[in-house]
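Trainee: Input file: final_4.csv. Contents: CSV, C-alpha atoms.
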```csv
chain,number,residue,atom,x,y,z
R,1,MET,CA,52.6,-5.4,26.5
R,2,ALA,CA,53.8,-3.1,23.7
R,3,ARG,CA,52.4,-3.7,20.3
R,4,LEU,CA,55.6,-4.1,18.4
R,5,LEU,CA,54.9,-5.2,14.9
R,6,PRO,CA,51.4,-4.6,13.6
R,7,ALA,CA,51.2,-7.4,11.2
R,8,LEU,CA,48.7,-7.2,8.4
R,9,LEU,CA,46.6,-10.2,7.8
R,10,ALA,CA,45.7,-11.6,4.4
R,11,ALA,CA,44.2,-14.9,4.0
R,12,ALA,CA,45.8,-15.4,0.7
R,13,ALA,CA,47.9,-17.8,-1.3
R,14,LEU,CA,51.4,-16.3,-1.6
R,15,SER,CA,53.6,-17.3,-4.4
R,16,ALA,CA,56.7,-16.3,-2.4
R,17,CYS,CA,56.1,-18.7,0.5
R,18,GLY,CA,59.2,-20.3,1.8
R,19,GLY,CA,57.9,-23.4,3.4
R,20,GLY,CA,59.8,-26.6,2.8
R,21,LEU,CA,63.4,-25.6,3.4
R,22,PRO,CA,65.3,-28.3,5.1
R,23,GLN,CA,66.2,-27.6,8.8
R,24,GLN,CA,69.8,-28.6,8.3
R,25,MET,CA,72.1,-25.6,7.9
R,26,GLU,CA,74.9,-25.5,5.4
R,27,ASN,CA,78.4,-23.9,5.2
R,28,GLN,CA,78.4,-20.7,3.2
R,29,LYS,CA,81.0,-19.9,0.5
R,30,ASP,CA,80.6,-16.2,1.3
R,31,PRO,CA,82.4,-15.5,4.7
R,32,GLU,CA,80.3,-12.3,5.0
R,33,THR,CA,77.0,-14.1,5.6
R,34,SER,CA,75.1,-13.9,8.9
R,35,LEU,CA,72.8,-16.2,10.8
R,36,ILE,CA,69.5,-14.5,11.6
R,37,VAL,CA,67.2,-16.2,14.1
R,38,GLY,CA,64.0,-15.5,16.0
R,39,HIS,CA,60.8,-17.1,17.3
R,40,ILE,CA,57.1,-16.6,16.9
R,41,ASP,CA,54.7,-18.4,19.2
R,42,MET,CA,51.6,-19.0,17.0
R,43,LYS,CA,49.6,-20.9,19.6
R,44,ASP,CA,46.8,-18.2,19.5
R,45,GLY,CA,47.0,-17.8,15.7
R,46,PRO,CA,45.0,-19.6,13.0
R,47,CYS,CA,47.9,-21.7,11.9
R,48,TRP,CA,51.4,-22.9,12.8
R,49,LEU,CA,54.5,-21.1,11.4
R,50,HIS,CA,55.3,-22.7,8.1
R,51,TRP,CA,57.3,-19.8,6.5
R,52,PHE,CA,59.0,-16.6,7.3
R,53,SER,CA,60.7,-14.3,4.8
R,54,MET,CA,62.7,-11.1,4.8
R,55,LYS,CA,63.3,-8.6,1.9
R,56,GLN,CA,66.7,-7.1,1.1
R,57,VAL,CA,66.1,-3.4,0.5
R,58,MET,CA,69.8,-2.2,0.2
R,59,PRO,CA,71.8,-2.8,-1.8
R,60,LYS,CA,69.2,-3.6,-4.5
R,61,VAL,CA,69.5,-7.1,-5.8
R,62,GLU,CA,67.7,-9.2,-8.4
R,63,LYS,CA,66.3,-11.6,-5.9
R,64,PRO,CA,65.6,-9.7,-2.7
R,65,TYR,CA,63.5,-12.2,-0.8
R,66,PHE,CA,65.1,-14.6,1.7
R,67,ASN,CA,63.1,-17.5,3.0
R,68,PHE,CA,63.9,-18.9,6.4
R,69,ARG,CA,64.3,-22.4,7.8
R,70,ILE,CA,61.6,-23.3,10.3
R,71,ASP,CA,61.5,-25.5,13.4
R,72,GLU,CA,58.3,-25.2,15.4
R,73,GLY,CA,58.0,-21.4,15.6
R,74,THR,CA,61.7,-20.8,15.4
R,75,PHE,CA,62.8,-19.2,12.1
R,76,TYR,CA,66.5,-19.0,11.1
R,77,ALA,CA,68.6,-18.4,8.0
R,78,GLU,CA,72.4,-18.7,7.9
R,79,TYR,CA,72.8,-17.3,4.4
R,80,ILE,CA,72.0,-13.6,4.8
R,81,PRO,CA,74.5,-11.3,3.2
R,82,LEU,CA,75.5,-7.8,4.4
R,83,GLY,CA,72.9,-5.2,3.7
R,84,SER,CA,69.6,-3.7,4.9
R,85,PHE,CA,66.5,-5.9,5.3
R,86,GLN,CA,62.9,-5.5,6.1
R,87,LEU,CA,60.8,-8.2,7.7
R,88,SER,CA,58.5,-9.2,4.8
R,89,ASP,CA,55.9,-11.8,5.8
R,90,PHE,CA,55.2,-15.1,7.6
R,91,GLY,CA,52.4,-17.6,7.8
R,92,GLY,CA,51.2,-21.1,7.5
R,93,ASP,CA,48.5,-23.4,6.2
R,94,GLY,CA,45.4,-23.9,8.3
R,95,SER,CA,45.0,-27.4,9.8
R,96,TRP,CA,42.7,-29.9,8.2
R,97,PRO,CA,39.8,-29.6,7.1
R,98,SER,CA,40.6,-26.0,6.4
R,99,ASN,CA,42.6,-25.3,3.2
R,100,THR,CA,43.2,-21.7,4.0
R,101,ARG,CA,46.7,-20.3,3.7
R,102,TYR,CA,47.4,-17.5,6.1
R,103,THR,CA,49.9,-14.8,5.3
R,104,PHE,CA,50.8,-12.0,7.7
R,105,ARG,CA,52.6,-9.1,6.1
R,106,PHE,CA,54.7,-6.6,7.9
R,107,PRO,CA,54.3,-2.9,6.9
R,108,GLN,CA,57.2,-1.7,4.8
R,109,GLN,CA,57.5,1.4,6.9
R,110,LEU,CA,59.0,-0.3,9.8
R,111,GLN,CA,62.5,-0.1,11.4
R,112,GLY,CA,64.5,-2.8,9.7
R,113,LEU,CA,67.7,-4.6,10.1
R,114,ARG,CA,71.1,-3.2,8.9
R,115,LEU,CA,73.8,-5.9,8.7
R,116,GLU,CA,77.2,-4.2,8.6
R,117,LYS,CA,79.3,-7.1,9.8
R,118,PRO,CA,78.7,-10.8,9.7
R,119,GLY,CA,77.5,-12.6,12.8
R,120,ILE,CA,74.7,-14.2,14.7
R,121,TYR,CA,71.7,-11.9,15.1
R,122,TYR,CA,68.7,-12.7,17.3
R,123,LEU,CA,65.6,-10.8,16.2
R,124,GLY,CA,63.7,-11.6,19.4
R,125,SER,CA,60.8,-13.7,20.5
R,126,PHE,CA,57.2,-12.8,19.5
R,127,LYS,CA,53.8,-14.0,20.3
R,128,MET,CA,50.8,-13.9,18.0
R,129,THR,CA,47.6,-12.6,19.7
R,130,ASP,CA,44.0,-12.6,18.7
R,131,GLU,CA,42.4,-9.3,19.8
R,132,GLY,CA,39.2,-10.0,17.9
R,133,ASN,CA,36.0,-11.6,19.0
R,134,PHE,CA,34.1,-14.8,18.5
R,135,PHE,CA,33.0,-13.7,15.1
R,136,LYS,CA,36.0,-12.0,13.7
R,137,SER,CA,39.7,-12.5,14.5
R,138,LYS,CA,42.1,-9.6,14.7
R,139,TYR,CA,45.6,-10.9,14.8
R,140,ASP,CA,48.7,-9.0,15.9
R,141,ILE,CA,52.1,-9.9,17.3
R,142,GLU,CA,53.8,-8.8,20.4
R,143,LEU,CA,57.2,-9.0,22.0
R,144,ALA,CA,57.5,-12.1,24.2
R,145,LYS,CA,59.9,-12.8,27.1
R,146,THR,CA,60.2,-16.4,26.2
R,147,PRO,CA,61.8,-18.3,24.7
R,148,SER,CA,65.0,-16.6,25.4
R,149,GLU,CA,67.8,-16.1,22.9
R,150,ARG,CA,69.6,-19.0,24.6
R,151,ASP,CA,66.6,-21.3,24.3
R,152,VAL,CA,66.3,-20.4,20.6
R,153,LEU,CA,70.0,-20.9,19.8
R,154,GLU,CA,70.0,-24.2,21.7
R,155,LYS,CA,67.0,-25.3,19.6
R,156,ILE,CA,68.8,-24.7,16.3
R,157,LEU,CA,72.2,-26.0,17.4
R,158,PRO,CA,71.5,-29.6,16.2
R,159,HIS,CA,70.6,-28.2,12.8
R,160,ALA,CA,74.1,-26.7,12.6
R,161,LYS,CA,75.8,-30.0,13.2
R,162,GLY,CA,78.9,-30.5,11.0
R,163,THR,CA,79.0,-26.9,9.8
R,164,ASP,CA,81.0,-23.9,10.8
R,165,TRP,CA,77.9,-22.5,12.4
R,166,GLU,CA,78.0,-25.2,15.1
R,167,GLU,CA,81.1,-23.8,16.7
R,168,ARG,CA,80.0,-20.2,16.3
R,169,LEU,CA,76.7,-21.0,18.0
R,170,ARG,CA,78.5,-22.8,20.8
R,171,LEU,CA,80.6,-19.7,21.4
R,172,ARG,CA,77.6,-17.4,21.4
R,173,LEU,CA,75.9,-19.8,23.9
R,174,GLU,CA,78.9,-19.6,26.1
R,175,GLU,CA,78.6,-15.8,26.1
R,176,LEU,CA,74.9,-16.1,27.1
R,177,LYS,CA,75.7,-18.3,30.1
H,178,MET,CA,43.3,-16.3,-2.8
H,179,SER,CA,42.8,-17.1,-6.5
H,180,ARG,CA,43.8,-14.7,-9.2
H,181,ALA,CA,40.2,-13.9,-10.0
H,182,ALA,CA,39.4,-13.2,-6.4
H,183,ALA,CA,42.5,-11.0,-6.1
H,184,ALA,CA,41.5,-9.1,-9.2
H,185,ILE,CA,38.0,-8.6,-7.8
H,186,ALA,CA,39.4,-7.4,-4.5
H,187,VAL,CA,41.6,-4.9,-6.4
H,188,LEU,CA,38.7,-3.7,-8.5
H,189,LEU,CA,36.5,-3.3,-5.3
H,190,LEU,CA,39.4,-1.4,-3.7
H,191,ALA,CA,39.7,0.8,-6.7
H,192,SER,CA,36.0,1.5,-6.8
H,193,CYS,CA,36.1,2.5,-3.1
H,194,VAL,CA,38.9,5.1,-3.6
H,195,PRO,CA,37.2,8.5,-3.1
H,196,SER,CA,37.7,11.4,-5.4
H,197,LYS,CA,40.8,13.6,-5.4
H,198,ARG,CA,41.2,17.3,-5.5
H,199,ARG,CA,40.4,18.9,-8.8
H,200,GLU,CA,43.5,19.7,-10.8
H,201,VAL,CA,43.4,23.1,-12.4
H,202,GLU,CA,45.7,24.8,-14.8
H,203,ALA,CA,45.1,28.5,-14.0
H,204,PRO,CA,43.0,30.7,-11.8
H,205,ALA,CA,40.6,31.1,-14.7
H,206,ASP,CA,39.5,27.5,-14.1
H,207,LEU,CA,38.5,28.1,-10.5
H,208,GLY,CA,34.9,27.9,-9.2
H,209,SER,CA,33.5,30.4,-6.8
H,210,GLY,CA,34.9,30.0,-3.3
H,211,GLU,CA,38.0,28.3,-4.5
H,212,ILE,CA,41.7,29.2,-4.7
H,213,LEU,CA,44.5,27.6,-6.6
H,214,LEU,CA,47.1,25.8,-4.5
H,215,LEU,CA,50.6,25.3,-5.9
H,216,GLY,CA,53.3,23.2,-4.3
H,217,ARG,CA,55.5,20.2,-4.6
H,218,ILE,CA,56.3,17.1,-2.7
H,219,LYS,CA,59.8,15.7,-3.0
H,220,VAL,CA,61.1,12.4,-1.6
H,221,THR,CA,64.8,11.7,-1.3
H,222,PRO,CA,65.8,9.0,-2.3
H,223,PRO,CA,62.9,9.0,-4.8
H,224,ILE,CA,60.3,6.2,-4.7
H,225,ALA,CA,61.8,3.3,-6.6
H,226,LYS,CA,59.7,1.2,-8.9
H,227,ASP,CA,60.2,-2.0,-6.9
H,228,GLU,CA,59.0,-0.3,-3.7
H,229,GLN,CA,55.4,-0.1,-5.1
H,230,ARG,CA,53.3,-3.0,-5.9
H,231,LEU,CA,50.3,-1.5,-7.7
H,232,PRO,CA,47.7,-3.2,-9.9
H,233,GLY,CA,47.4,-1.9,-13.5
H,234,ILE,CA,44.3,0.0,-12.6
H,235,ALA,CA,46.3,2.1,-10.2
H,236,GLU,CA,49.4,2.4,-12.3
H,237,ASP,CA,49.0,6.2,-12.6
H,238,TRP,CA,49.6,6.4,-8.8
H,239,ARG,CA,53.1,5.2,-9.3
H,240,GLY,CA,55.6,7.7,-7.9
H,241,HIS,CA,52.9,10.0,-6.7
H,242,VAL,CA,52.5,11.2,-3.1
H,243,MET,CA,49.0,11.6,-1.9
H,244,VAL,CA,48.7,14.7,0.3
H,245,VAL,CA,45.9,14.6,2.9
H,246,ILE,CA,44.5,17.9,4.0
H,247,GLY,CA,42.0,18.9,6.7
H,248,GLU,CA,40.8,21.7,8.9
H,249,THR,CA,43.0,20.7,11.7
H,250,PRO,CA,46.5,19.1,11.6
H,251,VAL,CA,45.4,15.7,13.0
H,252,PRO,CA,48.3,13.3,12.3
H,253,LEU,CA,47.7,10.3,9.9
H,254,GLU,CA,47.4,7.0,11.7
H,255,ARG,CA,47.6,3.3,10.9
H,256,PRO,CA,45.7,1.5,9.7
H,257,PHE,CA,45.2,4.0,7.0
H,258,LYS,CA,41.8,3.5,5.5
H,259,VAL,CA,41.0,3.9,1.8
H,260,SER,CA,38.4,6.6,2.9
H,261,GLY,CA,41.4,8.6,4.1
H,262,TYR,CA,42.3,9.3,0.4
H,263,LYS,CA,39.2,11.6,0.2
H,264,ASN,CA,40.0,14.9,-1.3
H,265,ARG,CA,43.6,14.0,-1.6
H,266,ILE,CA,46.1,16.0,-3.6
H,267,GLU,CA,47.9,13.8,-6.0
H,268,ALA,CA,51.4,15.2,-6.0
H,269,PRO,CA,53.4,14.1,-9.1
H,270,PRO,CA,57.1,13.3,-8.6
H,271,ASP,CA,58.5,15.7,-11.1
H,272,ARG,CA,56.6,18.9,-10.9
H,273,GLU,CA,54.3,21.1,-8.9
H,274,PHE,CA,50.7,20.1,-8.1
H,275,SER,CA,48.1,22.7,-9.1
H,276,VAL,CA,44.7,22.1,-7.5
H,277,ALA,CA,41.6,23.9,-6.5
H,278,VAL,CA,40.9,24.1,-2.7
H,279,PRO,CA,38.2,25.9,-0.7
H,280,ALA,CA,39.2,29.5,0.0
H,281,GLY,CA,40.0,29.2,3.6
H,282,SER,CA,43.0,28.3,5.8
H,283,PHE,CA,43.6,24.6,6.3
H,284,SER,CA,46.3,22.1,7.4
H,285,ILE,CA,48.3,19.5,5.6
H,286,ARG,CA,47.8,16.5,7.8
H,287,GLY,CA,50.4,14.4,6.2
H,288,ALA,CA,51.1,12.5,3.0
H,289,VAL,CA,50.8,8.9,1.9
H,290,VAL,CA,52.9,6.8,-0.5
H,291,PRO,CA,50.9,3.8,-1.6
H,292,LEU,CA,53.3,0.9,-1.4
H,293,ARG,CA,51.1,-2.1,-2.0
H,294,LEU,CA,47.6,-2.3,-3.4
H,295,ASP,CA,47.8,-5.7,-5.1
H,296,PRO,CA,46.6,-7.9,-3.5
H,297,PRO,CA,44.9,-6.4,-0.4
H,298,PRO,CA,45.5,-5.7,2.4
H,299,THR,CA,47.0,-2.4,1.4
H,300,ASP,CA,50.3,-1.0,2.7
H,301,GLU,CA,51.6,2.5,2.6
H,302,ALA,CA,54.3,4.8,4.0
H,303,LEU,CA,52.9,7.7,6.0
H,304,LEU,CA,54.8,10.9,5.9
H,305,PRO,CA,54.3,13.4,8.7
H,306,GLY,CA,52.4,16.7,8.2
H,307,GLY,CA,51.3,19.4,10.6
H,308,PHE,CA,51.8,22.2,8.0
H,309,ARG,CA,49.4,25.1,8.3
H,310,VAL,CA,48.4,26.8,5.1
H,311,ASP,CA,47.2,30.3,5.7
H,312,VAL,CA,44.8,31.7,3.0
H,313,ARG,CA,44.1,35.4,3.1
H,314,PRO,CA,41.0,37.2,1.9
H,315,GLY,CA,41.4,38.0,-1.7
H,316,ASP,CA,43.8,35.2,-2.5
H,317,ARG,CA,43.3,33.6,-5.9
H,318,ALA,CA,46.4,31.5,-6.0
H,319,ILE,CA,49.1,30.6,-3.4
H,320,TYR,CA,52.4,28.8,-3.6
H,321,ILE,CA,53.4,26.8,-0.5
H,322,GLY,CA,56.9,25.6,-1.6
H,323,THR,CA,58.4,22.2,-2.0
H,324,ILE,CA,58.0,20.0,1.0
H,325,HIS,CA,61.1,17.8,0.8
H,326,TYR,CA,61.1,14.6,2.8
H,327,HIS,CA,64.4,12.8,3.4
H,328,ARG,CA,64.0,9.1,4.3
H,329,ASP,CA,66.0,6.0,4.8
H,330,GLU,CA,65.6,2.6,3.2
H,331,PHE,CA,63.0,1.7,5.8
H,332,TRP,CA,60.8,4.7,5.1
H,333,GLN,CA,61.8,6.4,8.3
H,334,ILE,CA,61.8,10.1,7.8
H,335,THR,CA,65.1,11.6,8.7
H,336,LYS,CA,64.6,15.3,7.7
H,337,ILE,CA,61.9,17.6,6.4
H,338,GLU,CA,62.7,20.8,4.6
H,339,VAL,CA,60.6,23.4,2.8
H,340,GLU,CA,62.3,24.7,-0.3
H,341,ASP,CA,61.5,27.9,-2.0
H,342,GLU,CA,61.3,27.6,-5.8
H,343,TYR,CA,59.0,30.6,-6.1
H,344,ASP,CA,61.0,32.5,-8.8
H,345,ARG,CA,60.8,29.5,-11.2
H,346,VAL,CA,57.1,28.8,-10.3
H,347,ARG,CA,56.2,32.5,-10.7
H,348,ALA,CA,57.9,32.7,-14.1
H,349,ASP,CA,56.1,29.5,-15.2
H,350,CYS,CA,52.7,30.9,-14.0
H,351,LEU,CA,53.2,34.1,-16.0
H,352,LYS,CA,53.9,32.0,-19.1
H,353,ARG,CA,51.1,29.4,-18.6
H,354,TRP,CA,48.4,31.7,-17.2
H,355,GLY,CA,48.9,34.2,-20.0
H,356,GLY,CA,48.4,37.4,-17.9
H,357,ALA,CA,49.9,39.4,-15.1
H,358,GLU,CA,48.5,37.2,-12.3
H,359,VAL,CA,50.9,35.3,-10.1
H,360,PRO,CA,50.5,33.2,-7.0
H,361,ARG,CA,51.2,34.7,-3.6
H,362,LYS,CA,54.2,33.2,-1.9
H,363,ALA,CA,52.9,31.5,1.3
H,364,LEU,CA,55.6,29.0,2.2
H,365,VAL,CA,54.6,26.5,4.8
H,366,VAL,CA,56.8,26.0,7.9
H,367,VAL,CA,58.1,22.7,9.1
H,368,PRO,CA,56.3,22.1,12.5
H,369,PRO,CA,58.6,21.6,15.5
H,370,LYS,CA,59.3,18.0,16.5
H,371,LYS,CA,57.1,16.8,19.4
```
Show the structure stored in the file as structure tokens.

Mentor:
Amino acid sequence: MARLLPALLAAAALSACGGGLPQQMENQKDPETSLIVGHIDMKDGPCWLHWFSMKQVMPKVEKPYFNFRIDEGTFYAEYIPLGSFQLSDFGGDGSWPSNTRYTFRFPQQLQGLRLEKPGIYYLGSFKMTDEGNFFKSKYDIELAKTPSERDVLEKILPHAKGTDWEERLRLRLEELK
Amino acid sequence: MSRAAAAIAVLLLASCVPSKRREVEAPADLGSGEILLLGRIKVTPPIAKDEQRLPGIAEDWRGHVMVVIGETPVPLERPFKVSGYKNRIEAPPDREFSVAVPAGSFSIRGAVVPLRLDPPPTDEALLPGGFRVDVRPGDRAIYIGTIHYHRDEFWQITKIEVEDEYDRVRADCLKRWGGAEVPRKALVVVPPKK
């Protein structure tokens, strides 16, 4: 399988971690916002997915980092404005008794995302792999066939309940039938 | 990672960075078996301050492009190791670099823009190379031109040009070197896309 996103590993505490956002989406005041969604299977990683963030590179803004909502490997954010974005980093906390916080950074020289019109954008499904050995792990992420876009959108649909996104997600799911 | 551990990691990284090419002002500063290499690296749009996360100890790298040379034009690859900076040419953003290199033909393998050194792991943008620099017997100083990289917001290189600013550089050399000696114009050629 093609190596898609050579993630860089740093077992480090990161001040910009975005864990803790509620799963429930909200209506946006700005009609030009998009819903970005994707999935990372971290089963073979050192932790579960607790945060995922993206950096706005164009236009330049004072606060360029966008943290995503998380639901068991699925990451999503319905408040992304128009612009150009780079995947920034993702990670999670190791399970007890480990207190290590794992952060995986994406290289900045990577094809990014240009949002020119608002909509629902699916980044894809990925799987974390460990290509290291017993003594030393070497993590990477690869494209994965599952879960599908449909599976991922169905998973986040309950979190859009009562918002404008609910109807838009249903329409997209209809298209994917 | 605690702040102290991060600081130690950065110091260790800095202490591992190998030496750069010696900067020289004029051919009079050359050692035996050396020539003076003049050229410039330009990046459009220029490297923005917020694109580089550098520790204080590496602040003088800000805006610089590290040119990696070698006998053969082996492309730079990820992961780029710190040892890859060995004998780099530190090209400043606003003027020509002027360094001593061994008097023999060589290749510019590529260039590196350090984007993140603090905290490790490091991250960088790799700019393509493959330029051949032909040094002739008797050369004391050569001018290879301005290698101009055009890029997008994701550091994807969209165009490479070699610009000829020889007249300006020649006039500057006559003024700075204080004699009649001038560099030979030896513009590099953009290699064909593979």

Trainee: Write out as a count of residues only the residues lying within 8 Å of region 358-367 of chain H, counting only C-alpha atoms and excluding same-chain residues fewer than 2 positions away.

Mentor: 24

Trainee: Please provide the set of residues having any atom within 9 Å of Phe85 (chain R), restricted to only C-alpha atoms, with same-chain residues fewer than 2 positions apart removed, written as a list of chain:residue names.

Mentor: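 The residues satisfying every condition are R:Met54, R:Lys55, R:Gln56, R:Val57, R:Met58, R:Pro64, R:Gly83, R:Leu87, R:Ser88, R:Gly112, R:Leu113, R:Arg114, R:Leu115, H:Glu330, H:Phe331.
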
Trainee: Return as a list in words the residues belonging to chain H that are within 7 Å of chain R, counting all atoms listed in the file.

Mentor: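 Listed by rising number, the hits are Met178, Pro298, Asp300, Ala302, Glu330, Phe331, Trp332 and Gln333 of chain H.
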
Trainee: In Å, how far is it from CA of Met243 (chain H) to CA of Val290 (chain H)?

Mentor: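 That distance, rounded to one decimal, is 6.3 Å.
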
Trainee: Would you work out the distance separating CA of Lys258 (chain H) from CA of Phe135 (chain R), expressed in Å to one decimal?

Mentor: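 A separation of 21.6 Å between them.
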
Trainee: Which residues, written as a ChimeraX atom specification, have at least one atom at most 10 Å from Pro46 (chain R), with all atoms listed in the file counted and residues fewer than 3 positions away on the same chain left out?

Mentor: /R:42-43,49,91-95,100-102,128,130,137,139

Trainee: Go ahead and compute the interatomic distance for CA of Ile285 (chain H) and CA of Glu254 (chain H), in Å to one decimal.

Mentor: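 Spanning CA of Ile285 (chain H) to CA of Glu254 (chain H) is a straight-line distance of 13.9 Å.
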
Trainee: Could you tell me which of R:Asp140, R:Asp71, R:Glu174, R:Glu78 comes closest to Leu35 (chain R) if we count all atoms listed in the file?

Mentor: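 Result for the nearest residue to Leu35 (chain R): R:Glu78.
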
Trainee: Give one line per residue of region 55-97 of chain R that approaches region 19-24 of chain R to at most 8 Å, naming the two atoms of the closest pair and their distance in Å to one decimal, counting only C-alpha atoms; sort by chain then ascending residue number and deliver it as a Markdown table.

Mentor:
```
| residue | atom | partner | partner_atom | distance |
| --- | --- | --- | --- | --- |
| R:Asn67 | CA | R:Gly19 | CA | 7.9 |
| R:Phe68 | CA | R:Leu21 | CA | 7.4 |
| R:Arg69 | CA | R:Leu21 | CA | 5.5 |
| R:Ile70 | CA | R:Gln23 | CA | 6.5 |
| R:Asp71 | CA | R:Gln23 | CA | 6.9 |
```

Trainee: As number ranges by chain, please: the residues near region 229-234 of chain H (cut-off 6 Å, only C-alpha atoms, same-chain neighbours under 3 positions excluded).

Mentor: H: 226, 292-295

Trainee: What's around region 141-156 of chain R at 10 Å? Count all atoms listed in the file, leave out sequence neighbours fewer than 3 positions away in its own chain, and write the answer as a compact mmCIF listing (two decimals) with C-alpha atoms, in the coordinates of the input.

Mentor:
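Now in around_15.txt:
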```txt
# COMPACT_ATOMS: atom_id res chain seq x y z
CA MET R 1 52.60 -5.40 26.50
CA ALA R 2 53.80 -3.10 23.70
CA ARG R 3 52.40 -3.70 20.30
CA LEU R 4 55.60 -4.10 18.40
CA LEU R 5 54.90 -5.20 14.90
CA PRO R 6 51.40 -4.60 13.60
CA ALA R 7 51.20 -7.40 11.20
CA LEU R 8 48.70 -7.20 8.40
CA GLN R 23 66.20 -27.60 8.80
CA GLN R 24 69.80 -28.60 8.30
CA MET R 25 72.10 -25.60 7.90
CA VAL R 37 67.20 -16.20 14.10
CA GLY R 38 64.00 -15.50 16.00
CA HIS R 39 60.80 -17.10 17.30
CA ILE R 40 57.10 -16.60 16.90
CA ASP R 41 54.70 -18.40 19.20
CA MET R 42 51.60 -19.00 17.00
CA GLY R 45 47.00 -17.80 15.70
CA ARG R 69 64.30 -22.40 7.80
CA ILE R 70 61.60 -23.30 10.30
CA ASP R 71 61.50 -25.50 13.40
CA GLU R 72 58.30 -25.20 15.40
CA GLY R 73 58.00 -21.40 15.60
CA THR R 74 61.70 -20.80 15.40
CA PHE R 75 62.80 -19.20 12.10
CA TYR R 76 66.50 -19.00 11.10
CA PHE R 104 50.80 -12.00 7.70
CA ILE R 120 74.70 -14.20 14.70
CA TYR R 121 71.70 -11.90 15.10
CA TYR R 122 68.70 -12.70 17.30
CA LEU R 123 65.60 -10.80 16.20
CA GLY R 124 63.70 -11.60 19.40
CA SER R 125 60.80 -13.70 20.50
CA PHE R 126 57.20 -12.80 19.50
CA LYS R 127 53.80 -14.00 20.30
CA MET R 128 50.80 -13.90 18.00
CA THR R 129 47.60 -12.60 19.70
CA ASP R 130 44.00 -12.60 18.70
CA HIS R 159 70.60 -28.20 12.80
CA ALA R 160 74.10 -26.70 12.60
CA LYS R 161 75.80 -30.00 13.20
CA GLU R 166 78.00 -25.20 15.10
CA LEU R 169 76.70 -21.00 18.00
CA ARG R 170 78.50 -22.80 20.80
CA ARG R 172 77.60 -17.40 21.40
CA LEU R 173 75.90 -19.80 23.90
CA GLU R 174 78.90 -19.60 26.10
CA GLU R 175 78.60 -15.80 26.10
CA LEU R 176 74.90 -16.10 27.10
CA LYS R 177 75.70 -18.30 30.10
```

Trainee: Could you work out an axis-aligned box for region 352-364 of chain H, taking every atom the file lists and adding 4 Å on each side, and report centre and edge lengths in Å to one decimal, as JSON?

Mentor:
```
{"center_x": 52.0, "center_y": 34.2, "center_z": -8.9, "size_x": 15.2, "size_y": 18.4, "size_z": 30.2}
```

Trainee: Have a look at H:Glu202, H:Asp271, H:Asp329, H:Glu340 and name the one nearest to Lys352 (chain H); count only C-alpha atoms.

Mentor: H:Glu202
